[in-house]
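**Student:** Below is the file target09.tsv, which contains TSV, N, CA and C atoms.
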chain	number	residue	atom	x	y	z
A	1456	MET	N	172.56	126.24	148.74
A	1456	MET	CA	171.96	127.29	149.54
A	1456	MET	C	173.06	128.04	150.26
A	1457	GLN	N	172.86	129.35	150.43
A	1457	GLN	CA	173.81	130.21	151.11
A	1457	GLN	C	173.08	130.96	152.22
A	1458	THR	N	173.76	131.19	153.33
A	1458	THR	CA	173.16	131.88	154.47
A	1458	THR	C	173.94	133.15	154.77
A	1459	ILE	N	173.21	134.26	154.83
A	1459	ILE	CA	173.79	135.56	155.17
A	1459	ILE	C	173.29	135.96	156.55
A	1460	TYR	N	174.20	136.47	157.37
A	1460	TYR	CA	173.87	136.96	158.71
A	1460	TYR	C	174.00	138.48	158.72
A	1461	ALA	N	173.05	139.15	159.35
A	1461	ALA	CA	173.12	140.61	159.49
A	1461	ALA	C	172.49	141.03	160.81
A	1462	LYS	N	173.04	142.08	161.40
A	1462	LYS	CA	172.43	142.68	162.59
A	1462	LYS	C	171.58	143.86	162.13
A	1463	LEU	N	170.41	144.00	162.74
A	1463	LEU	CA	169.48	145.06	162.37
A	1463	LEU	C	169.26	145.98	163.58
A	1464	ASP	N	169.18	147.27	163.33
A	1464	ASP	CA	169.02	148.25	164.41
A	1464	ASP	C	167.56	148.51	164.78
A	1465	LYS	N	166.64	148.31	163.86
A	1465	LYS	CA	165.26	148.73	164.10
A	1465	LYS	C	164.23	147.61	163.98
A	1466	GLY	N	164.62	146.40	164.28
A	1466	GLY	CA	163.68	145.28	164.35
A	1466	GLY	C	162.86	145.04	163.11
A	1467	ILE	N	161.54	145.01	163.28
A	1467	ILE	CA	160.63	144.64	162.19
A	1467	ILE	C	160.69	145.64	161.04
A	1468	ASP	N	160.92	146.92	161.33
A	1468	ASP	CA	161.06	147.91	160.26
A	1468	ASP	C	162.24	147.57	159.36
A	1469	SER	N	163.35	147.20	159.97
A	1469	SER	CA	164.53	146.81	159.21
A	1469	SER	C	164.28	145.52	158.44
A	1470	PHE	N	163.58	144.58	159.07
A	1470	PHE	CA	163.25	143.31	158.43
A	1470	PHE	C	162.46	143.55	157.14
A	1471	ILE	N	161.47	144.42	157.21
A	1471	ILE	CA	160.66	144.74	156.04
A	1471	ILE	C	161.51	145.40	154.97
A	1472	ARG	N	162.39	146.31	155.38
A	1472	ARG	CA	163.27	146.99	154.43
A	1472	ARG	C	164.19	145.99	153.73
A	1473	VAL	N	164.77	145.08	154.47
A	1473	VAL	CA	165.66	144.06	153.91
A	1473	VAL	C	164.90	143.16	152.94
A	1474	SER	N	163.76	142.63	153.39
A	1474	SER	CA	163.01	141.71	152.52
A	1474	SER	C	162.52	142.40	151.26
A	1475	SER	N	162.09	143.65	151.37
A	1475	SER	CA	161.63	144.40	150.19
A	1475	SER	C	162.77	144.64	149.21
A	1476	THR	N	163.93	144.98	149.73
A	1476	THR	CA	165.10	145.23	148.87
A	1476	THR	C	165.49	143.96	148.12
A	1477	LEU	N	165.58	142.85	148.82
A	1477	LEU	CA	165.98	141.60	148.17
A	1477	LEU	C	164.92	141.12	147.18
A	1478	ARG	N	163.65	141.33	147.50
A	1478	ARG	CA	162.57	140.93	146.58
A	1478	ARG	C	162.62	141.78	145.31
A	1479	ARG	N	162.82	143.09	145.48
A	1479	ARG	CA	162.89	143.99	144.32
A	1479	ARG	C	164.05	143.62	143.40
A	1480	ARG	N	165.16	143.18	144.00
A	1480	ARG	CA	166.34	142.80	143.22
A	1480	ARG	C	166.26	141.36	142.70
A	1481	GLU	N	165.13	140.70	142.98
A	1481	GLU	CA	164.81	139.37	142.47
A	1481	GLU	C	165.77	138.27	142.92
A	1482	PHE	N	166.21	138.33	144.19
A	1482	PHE	CA	166.99	137.23	144.75
A	1482	PHE	C	166.02	136.12	145.13
A	1483	GLU	N	166.44	134.87	144.94
A	1483	GLU	CA	165.61	133.72	145.31
A	1483	GLU	C	165.88	133.38	146.77
A	1484	ILE	N	164.94	133.74	147.63
A	1484	ILE	CA	165.07	133.53	149.07
A	1484	ILE	C	164.25	132.31	149.47
A	1485	SER	N	164.90	131.38	150.16
A	1485	SER	CA	164.18	130.19	150.62
A	1485	SER	C	163.70	130.36	152.06
A	1486	GLY	N	164.24	131.33	152.78
A	1486	GLY	CA	163.79	131.56	154.15
A	1486	GLY	C	164.50	132.73	154.81
A	1487	MET	N	163.85	133.29	155.82
A	1487	MET	CA	164.42	134.37	156.62
A	1487	MET	C	164.06	134.12	158.07
A	1488	ASN	N	164.95	134.54	158.97
A	1488	ASN	CA	164.71	134.37	160.39
A	1488	ASN	C	165.15	135.64	161.10
A	1489	LEU	N	164.29	136.20	161.94
A	1489	LEU	CA	164.60	137.40	162.71
A	1489	LEU	C	164.48	137.05	164.18
A	1490	GLN	N	165.51	137.42	164.95
A	1490	GLN	CA	165.52	137.10	166.38
A	1490	GLN	C	166.13	138.27	167.15
A	1491	ALA	N	165.53	138.59	168.30
A	1491	ALA	CA	166.05	139.67	169.15
A	1491	ALA	C	167.37	139.25	169.78
A	1492	ILE	N	168.26	140.22	169.92
A	1492	ILE	CA	169.52	140.00	170.63
A	1492	ILE	C	169.28	140.46	172.07
A	1493	THR	N	169.24	139.53	172.99
A	1493	THR	CA	168.87	139.86	174.37
A	1493	THR	C	169.88	140.77	175.06
A	1494	SER	N	171.14	140.66	174.70
A	1494	SER	CA	172.17	141.48	175.34
A	1494	SER	C	172.23	142.90	174.79
A	1495	GLU	N	171.54	143.15	173.69
A	1495	GLU	CA	171.54	144.47	173.05
A	1495	GLU	C	170.09	144.88	172.77
A	1496	PRO	N	169.44	145.57	173.71
A	1496	PRO	CA	168.04	145.97	173.52
A	1496	PRO	C	167.83	146.76	172.23
A	1497	GLY	N	166.76	146.41	171.52
A	1497	GLY	CA	166.42	147.10	170.28
A	1497	GLY	C	167.13	146.58	169.04
A	1498	ARG	N	168.08	145.67	169.21
A	1498	ARG	CA	168.81	145.13	168.07
A	1498	ARG	C	168.35	143.70	167.80
A	1499	HIS	N	168.40	143.32	166.54
A	1499	HIS	CA	167.97	141.98	166.13
A	1499	HIS	C	169.01	141.39	165.19
A	1500	GLU	N	169.01	140.07	165.11
A	1500	GLU	CA	169.86	139.40	164.14
A	1500	GLU	C	168.97	138.68	163.14
A	1501	MET	N	169.46	138.64	161.91
A	1501	MET	CA	168.67	138.08	160.82
A	1501	MET	C	169.51	137.09	160.04
A	1502	HIS	N	168.91	135.96	159.71
A	1502	HIS	CA	169.54	134.97	158.84
A	1502	HIS	C	168.70	134.90	157.56
A	1503	ILE	N	169.37	135.05	156.44
A	1503	ILE	CA	168.72	135.03	155.14
A	1503	ILE	C	169.26	133.83	154.37
A	1504	HIS	N	168.38	132.95	153.94
A	1504	HIS	CA	168.77	131.75	153.21
A	1504	HIS	C	168.46	131.97	151.72
A	1505	LEU	N	169.53	132.02	150.92
A	1505	LEU	CA	169.40	132.25	149.48
A	1505	LEU	C	169.55	130.94	148.72
A	1506	GLU	N	168.74	130.78	147.68
A	1506	GLU	CA	168.88	129.63	146.79
A	1506	GLU	C	170.11	129.85	145.91
A	1507	GLY	N	170.69	128.77	145.47
A	1507	GLY	CA	171.83	128.86	144.56
A	1507	GLY	C	173.15	128.70	145.31
A	1508	THR	N	174.18	128.30	144.57
A	1508	THR	CA	175.48	128.06	145.18
A	1508	THR	C	176.57	128.97	144.63
A	1509	HIS	N	176.24	129.81	143.68
A	1509	HIS	CA	177.25	130.70	143.10
A	1509	HIS	C	177.60	131.80	144.11
A	1510	PRO	N	178.88	131.95	144.44
A	1510	PRO	CA	179.30	132.95	145.44
A	1510	PRO	C	178.89	134.37	145.08
A	1511	GLU	N	178.80	134.67	143.79
A	1511	GLU	CA	178.46	136.05	143.40
A	1511	GLU	C	177.02	136.41	143.76
A	1512	ILE	N	176.15	135.42	143.93
A	1512	ILE	CA	174.77	135.70	144.34
A	1512	ILE	C	174.76	136.28	145.75
A	1513	ALA	N	175.46	135.63	146.66
A	1513	ALA	CA	175.53	136.12	148.05
A	1513	ALA	C	176.27	137.45	148.10
A	1514	GLU	N	177.32	137.60	147.32
A	1514	GLU	CA	178.07	138.86	147.31
A	1514	GLU	C	177.20	140.02	146.85
A	1515	ARG	N	176.41	139.80	145.81
A	1515	ARG	CA	175.50	140.86	145.33
A	1515	ARG	C	174.45	141.19	146.37
A	1516	ALA	N	173.91	140.18	147.03
A	1516	ALA	CA	172.91	140.43	148.08
A	1516	ALA	C	173.53	141.21	149.23
A	1517	MET	N	174.74	140.86	149.63
A	1517	MET	CA	175.42	141.55	150.71
A	1517	MET	C	175.71	143.01	150.33
A	1518	GLN	N	176.05	143.25	149.08
A	1518	GLN	CA	176.28	144.63	148.61
A	1518	GLN	C	175.00	145.45	148.71
A	1519	GLN	N	173.87	144.84	148.40
A	1519	GLN	CA	172.59	145.55	148.52
A	1519	GLN	C	172.28	145.86	149.98
A	1520	LEU	N	172.55	144.92	150.88
A	1520	LEU	CA	172.28	145.13	152.30
A	1520	LEU	C	173.19	146.20	152.90
A	1521	GLU	N	174.43	146.29	152.42
A	1521	GLU	CA	175.36	147.30	152.92
A	1521	GLU	C	174.85	148.71	152.68
A	1522	LYS	N	174.02	148.89	151.69
A	1522	LYS	CA	173.49	150.21	151.36
A	1522	LYS	C	172.42	150.68	152.35
A	1523	LEU	N	171.84	149.74	153.10
A	1523	LEU	CA	170.77	150.07	154.04
A	1523	LEU	C	171.36	150.59	155.34
A	1524	VAL	N	170.86	151.72	155.82
A	1524	VAL	CA	171.42	152.42	156.97
A	1524	VAL	C	171.34	151.61	158.26
A	1525	ASP	N	170.26	150.93	158.50
A	1525	ASP	CA	170.05	150.24	159.76
A	1525	ASP	C	170.47	148.77	159.77
A	1526	VAL	N	171.29	148.37	158.79
A	1526	VAL	CA	171.81	147.00	158.72
A	1526	VAL	C	173.32	147.06	158.97
A	1527	THR	N	173.79	146.26	159.94
A	1527	THR	CA	175.22	146.24	160.27
A	1527	THR	C	175.73	144.81	160.34
A	1528	SER	N	177.02	144.64	160.38
A	1528	SER	CA	177.67	143.36	160.60
A	1528	SER	C	177.16	142.27	159.66
A	1529	ILE	N	177.28	142.50	158.37
A	1529	ILE	CA	176.83	141.56	157.36
A	1529	ILE	C	177.96	140.57	157.06
A	1530	GLN	N	177.62	139.27	157.03
A	1530	GLN	CA	178.62	138.27	156.68
A	1530	GLN	C	177.96	137.02	156.11
A	1531	LEU	N	178.72	136.33	155.29
A	1531	LEU	CA	178.28	135.06	154.72
A	1531	LEU	C	178.63	133.96	155.70
A	1532	LEU	N	177.62	133.25	156.19
A	1532	LEU	CA	177.86	132.21	157.20
A	1532	LEU	C	178.26	130.87	156.59
A	1533	LYS	N	177.49	130.41	155.59
A	1533	LYS	CA	177.81	129.10	155.04
A	1533	LYS	C	177.26	128.96	153.64
A	1534	GLU	N	177.88	128.06	152.93
A	1534	GLU	CA	177.42	127.69	151.61
A	1534	GLU	C	177.22	126.18	151.60
A	1535	GLU	N	176.08	125.75	151.08
A	1535	GLU	CA	175.80	124.33	150.97
A	1535	GLU	C	175.57	123.99	149.51
A	1536	VAL	N	176.11	122.88	149.08
A	1536	VAL	CA	175.95	122.46	147.69
A	1536	VAL	C	174.75	121.59	147.56
Let me see the file written as structure tokens.
**Tutor:**
Amino acid sequence: MQTIYAKLDKGIDSFIRVSSTLRRREFEISGMNLQAITSEPGRHEMHIHLEGTHPEIAERAMQQLEKLVDVTSIQLLKEEV
């Protein structure tokens, strides 16, 4: 399993956009978590848990997220075998 972290500018609207994009691209998602950033009003952080251990899966997902306007600070947090 791999975990991707991203900051979102528009909360639930961004969450829907991210989940729709990843679903359309047929990534196997085992879970998603959206949480408000208290120090930055209106911004949220999201953790996306992808199935699989191949690094190119997370890289492709991150490339798709980079295309979305309201998604910032994308990074791969961890990989579990």
**Student:** Residues within 6.5 Å of A:Lys1533, please, as a ChimeraX atom specification. Count all atoms listed in the file; anything in the same chain fewer than 6 positions from it doesn't count.
**Tutor:** /A:1456-1459
**Student:** Could you find all residues in chain A that DSSP calls strand (DSSP E) from the backbone, and write them as a count of residues only?
**Tutor:** 31
**Student:** Give me every helix (DSSP H, G or I) residue in chain A, going by DSSP on the backbone, as a VMD selection string.
**Tutor:** chain A and resid 1466 to 1479 1510 to 1521
**Student:** Set the distance at 12 Å and use only C-alpha atoms: which residues neighbour stretch 1507-1514 of chain A once local chain neighbours fewer than 6 positions away are removed? I'd like the list as a list in words.
**Tutor:**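 Residues near the query, excluding close chain neighbours: Met1456, Gln1457, Thr1458, Ile1459, Tyr1460, Leu1477, Arg1480, Glu1481, Phe1482, Glu1483, Ile1484, Ser1485, Leu1520, Glu1521, Ile1529, Gln1530, Leu1531, Leu1532, Lys1533, Glu1534, Glu1535 and Val1536 of chain A.
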**Student:** Find, counting only C-alpha atoms, the residue in A:Glu1500, A:Val1524, A:Ser1494, A:Thr1476 that gets nearest to A:Leu1463.
**Tutor:**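 Answer, going by the shortest atom-to-atom distance: A:Glu1500.
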**Student:** Could you work out how far atom C of A:Arg1498 lies from atom CA of A:Ala1516, giving the answer in Å with one decimal?
**Tutor:**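 Interatomic distance, atom CA of A:Ala1516 to atom C of A:Arg1498: 20.5 Å.
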**Student:** Between A:Arg1479, A:Arg1515, A:Met1501, A:Glu1495, which has the minimum distance to A:Ile1467 (counting only C-alpha atoms)?
**Tutor:**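 Going through A:Arg1479, A:Arg1515, A:Met1501, A:Glu1495 one by one, the smallest distance to A:Ile1467 is for A:Met1501.
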**Student:** Could you state the separation of atom CA of A:Gly1486 and atom CA of A:His1504 in Å, given to one decimal place?
**Tutor:**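 Result for atom CA of A:Gly1486 versus atom CA of A:His1504: 5.1 Å, one decimal.
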**Student:** Nearest to A:Ala1461 among A:His1502, A:Ser1474, A:Leu1523, A:Pro1496, with distances taken over only C-alpha atoms: which residue is it?
**Tutor:** A:His1502
**Student:** Kindly compute an axis-aligned box around the listed atoms of stretch 1461-1474 of chain A, allowing 3 Å on each side, and express its centre and edge lengths in Å to one decimal as AutoDock Vina command-line options.
**Tutor:**
--center_x 166.9 --center_y 143.9 --center_z 158.0 --size_x 18.5 --size_y 15.6 --size_z 19.5
**Student:** Report, in Å to a single decimal, how far apart atom C of A:Asp1525 and atom CA of A:Arg1472 are.
**Tutor:** 9.1 Å
**Student:** Looking at A:Val1526, A:Ile1492, A:Met1487, A:Met1517, which one is nearest to A:Ser1469, with distances taken over only N, CA and C atoms?
**Tutor:**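 Among the listed residues, the smallest separation from A:Ser1469 belongs to A:Val1526.
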**Student:** Which is closest to A:Gln1490 among A:Val1473, A:Thr1527, A:Gly1466, A:Lys1522, if we use all atoms listed in the file?
**Tutor:** A:Gly1466
